[in-house]
Amino acid sequence: MDFKKMLLDMAEAQADKMKDEAVGFIGSEEFAKEIATKINEKIDIPFVSEEKEQVFFEKVVDIITDLLEGVFKGK
């Protein structure tokens, strides 16, 4: 039995599981809305209502999370 190979296989399996969980979290609606809200709290666009800013930042965050998902998935 190759102990080193067994440990490497276990570590790779764990890393794959964590990557899948991270991609799922990043792609979640809850995460996107939370990030957009935090951005909206920090940035004010003059003459634009908070509601419209929120929609804008949610769309921006959606694009960014799509890009991050692609990076994690190797696309």
# chains A, B, ... in the order shown; residues from 1 in each chain; ligands from 1
>>> residues_around(residues="range 68-72 of chain A", least_positions_apart="5", cutoff="10 Å", atoms="only C-alpha atoms", output="PDB file with N, CA, C and O atoms, in the first residue's frame")
ATOM      1  N   LYS A  19     -14.048  22.836  -3.669  1.00  0.00           N
ATOM      2  CA  LYS A  19     -14.226  23.657  -4.864  1.00  0.00           C
ATOM      3  C   LYS A  19     -15.685  23.662  -5.297  1.00  0.00           C
ATOM      4  O   LYS A  19     -16.246  24.715  -5.608  1.00  0.00           O
ATOM      5  N   ASP A  20     -16.322  22.497  -5.287  1.00  0.00           N
ATOM      6  CA  ASP A  20     -17.740  22.404  -5.651  1.00  0.00           C
ATOM      7  C   ASP A  20     -18.609  23.221  -4.700  1.00  0.00           C
ATOM      8  O   ASP A  20     -19.543  23.908  -5.128  1.00  0.00           O
ATOM      9  N   ALA A  22     -17.631  25.841  -2.940  1.00  0.00           N
ATOM     10  CA  ALA A  22     -17.340  27.260  -3.178  1.00  0.00           C
ATOM     11  C   ALA A  22     -18.082  27.759  -4.410  1.00  0.00           C
ATOM     12  O   ALA A  22     -18.668  28.849  -4.391  1.00  0.00           O
ATOM     13  N   VAL A  23     -18.077  26.972  -5.470  1.00  0.00           N
ATOM     14  CA  VAL A  23     -18.790  27.356  -6.692  1.00  0.00           C
ATOM     15  C   VAL A  23     -20.282  27.476  -6.412  1.00  0.00           C
ATOM     16  O   VAL A  23     -20.938  28.427  -6.854  1.00  0.00           O
ATOM     17  N   GLY A  24     -20.826  26.549  -5.656  1.00  0.00           N
ATOM     18  CA  GLY A  24     -22.242  26.606  -5.305  1.00  0.00           C
ATOM     19  C   GLY A  24     -22.572  27.835  -4.483  1.00  0.00           C
ATOM     20  O   GLY A  24     -23.595  28.492  -4.712  1.00  0.00           O
ATOM     21  N   PHE A  25     -21.720  28.168  -3.549  1.00  0.00           N
ATOM     22  CA  PHE A  25     -21.934  29.344  -2.705  1.00  0.00           C
ATOM     23  C   PHE A  25     -21.829  30.623  -3.512  1.00  0.00           C
ATOM     24  O   PHE A  25     -22.680  31.512  -3.403  1.00  0.00           O
ATOM     25  N   ILE A  26     -20.790  30.726  -4.333  1.00  0.00           N
ATOM     26  CA  ILE A  26     -20.592  31.916  -5.155  1.00  0.00           C
ATOM     27  C   ILE A  26     -21.753  32.112  -6.129  1.00  0.00           C
ATOM     28  O   ILE A  26     -22.172  33.236  -6.388  1.00  0.00           O
ATOM     29  N   GLY A  27     -22.289  31.022  -6.641  1.00  0.00           N
ATOM     30  CA  GLY A  27     -23.380  31.098  -7.598  1.00  0.00           C
ATOM     31  C   GLY A  27     -24.753  31.282  -6.979  1.00  0.00           C
ATOM     32  O   GLY A  27     -25.745  31.445  -7.698  1.00  0.00           O
ATOM     33  N   ASP A  62     -23.670  39.664 -10.516  1.00  0.00           N
ATOM     34  CA  ASP A  62     -24.013  38.468 -11.292  1.00  0.00           C
ATOM     35  C   ASP A  62     -22.947  38.188 -12.358  1.00  0.00           C
ATOM     36  O   ASP A  62     -22.523  37.048 -12.541  1.00  0.00           O
ATOM     37  N   ILE A  63     -22.501  39.224 -13.024  1.00  0.00           N
ATOM     38  CA  ILE A  63     -21.444  39.060 -14.040  1.00  0.00           C
ATOM     39  C   ILE A  63     -20.156  38.567 -13.384  1.00  0.00           C
ATOM     40  O   ILE A  63     -19.507  37.636 -13.874  1.00  0.00           O
TER      41      ILE A  63
END
>>> atom_distance(atom1="CA of Ala11 in chain A", atom2="CA of Phe31 in chain A")
27.0 Å
>>> residues_around(residues="Ala36 in chain A", least_positions_apart="2", cutoff="10 Å", atoms="only C-alpha atoms", output="count of residues only")
19
>>> atom_distance(atom1="CA of Thr37 in chain A", atom2="CA of Thr65 in chain A")
14.7 Å
>>> select_by_dssp(residues="chain A", states="helix (DSSP H, G or I)", output="VMD selection string")
chain A and resid 3 to 26 29 to 42 50 to 73
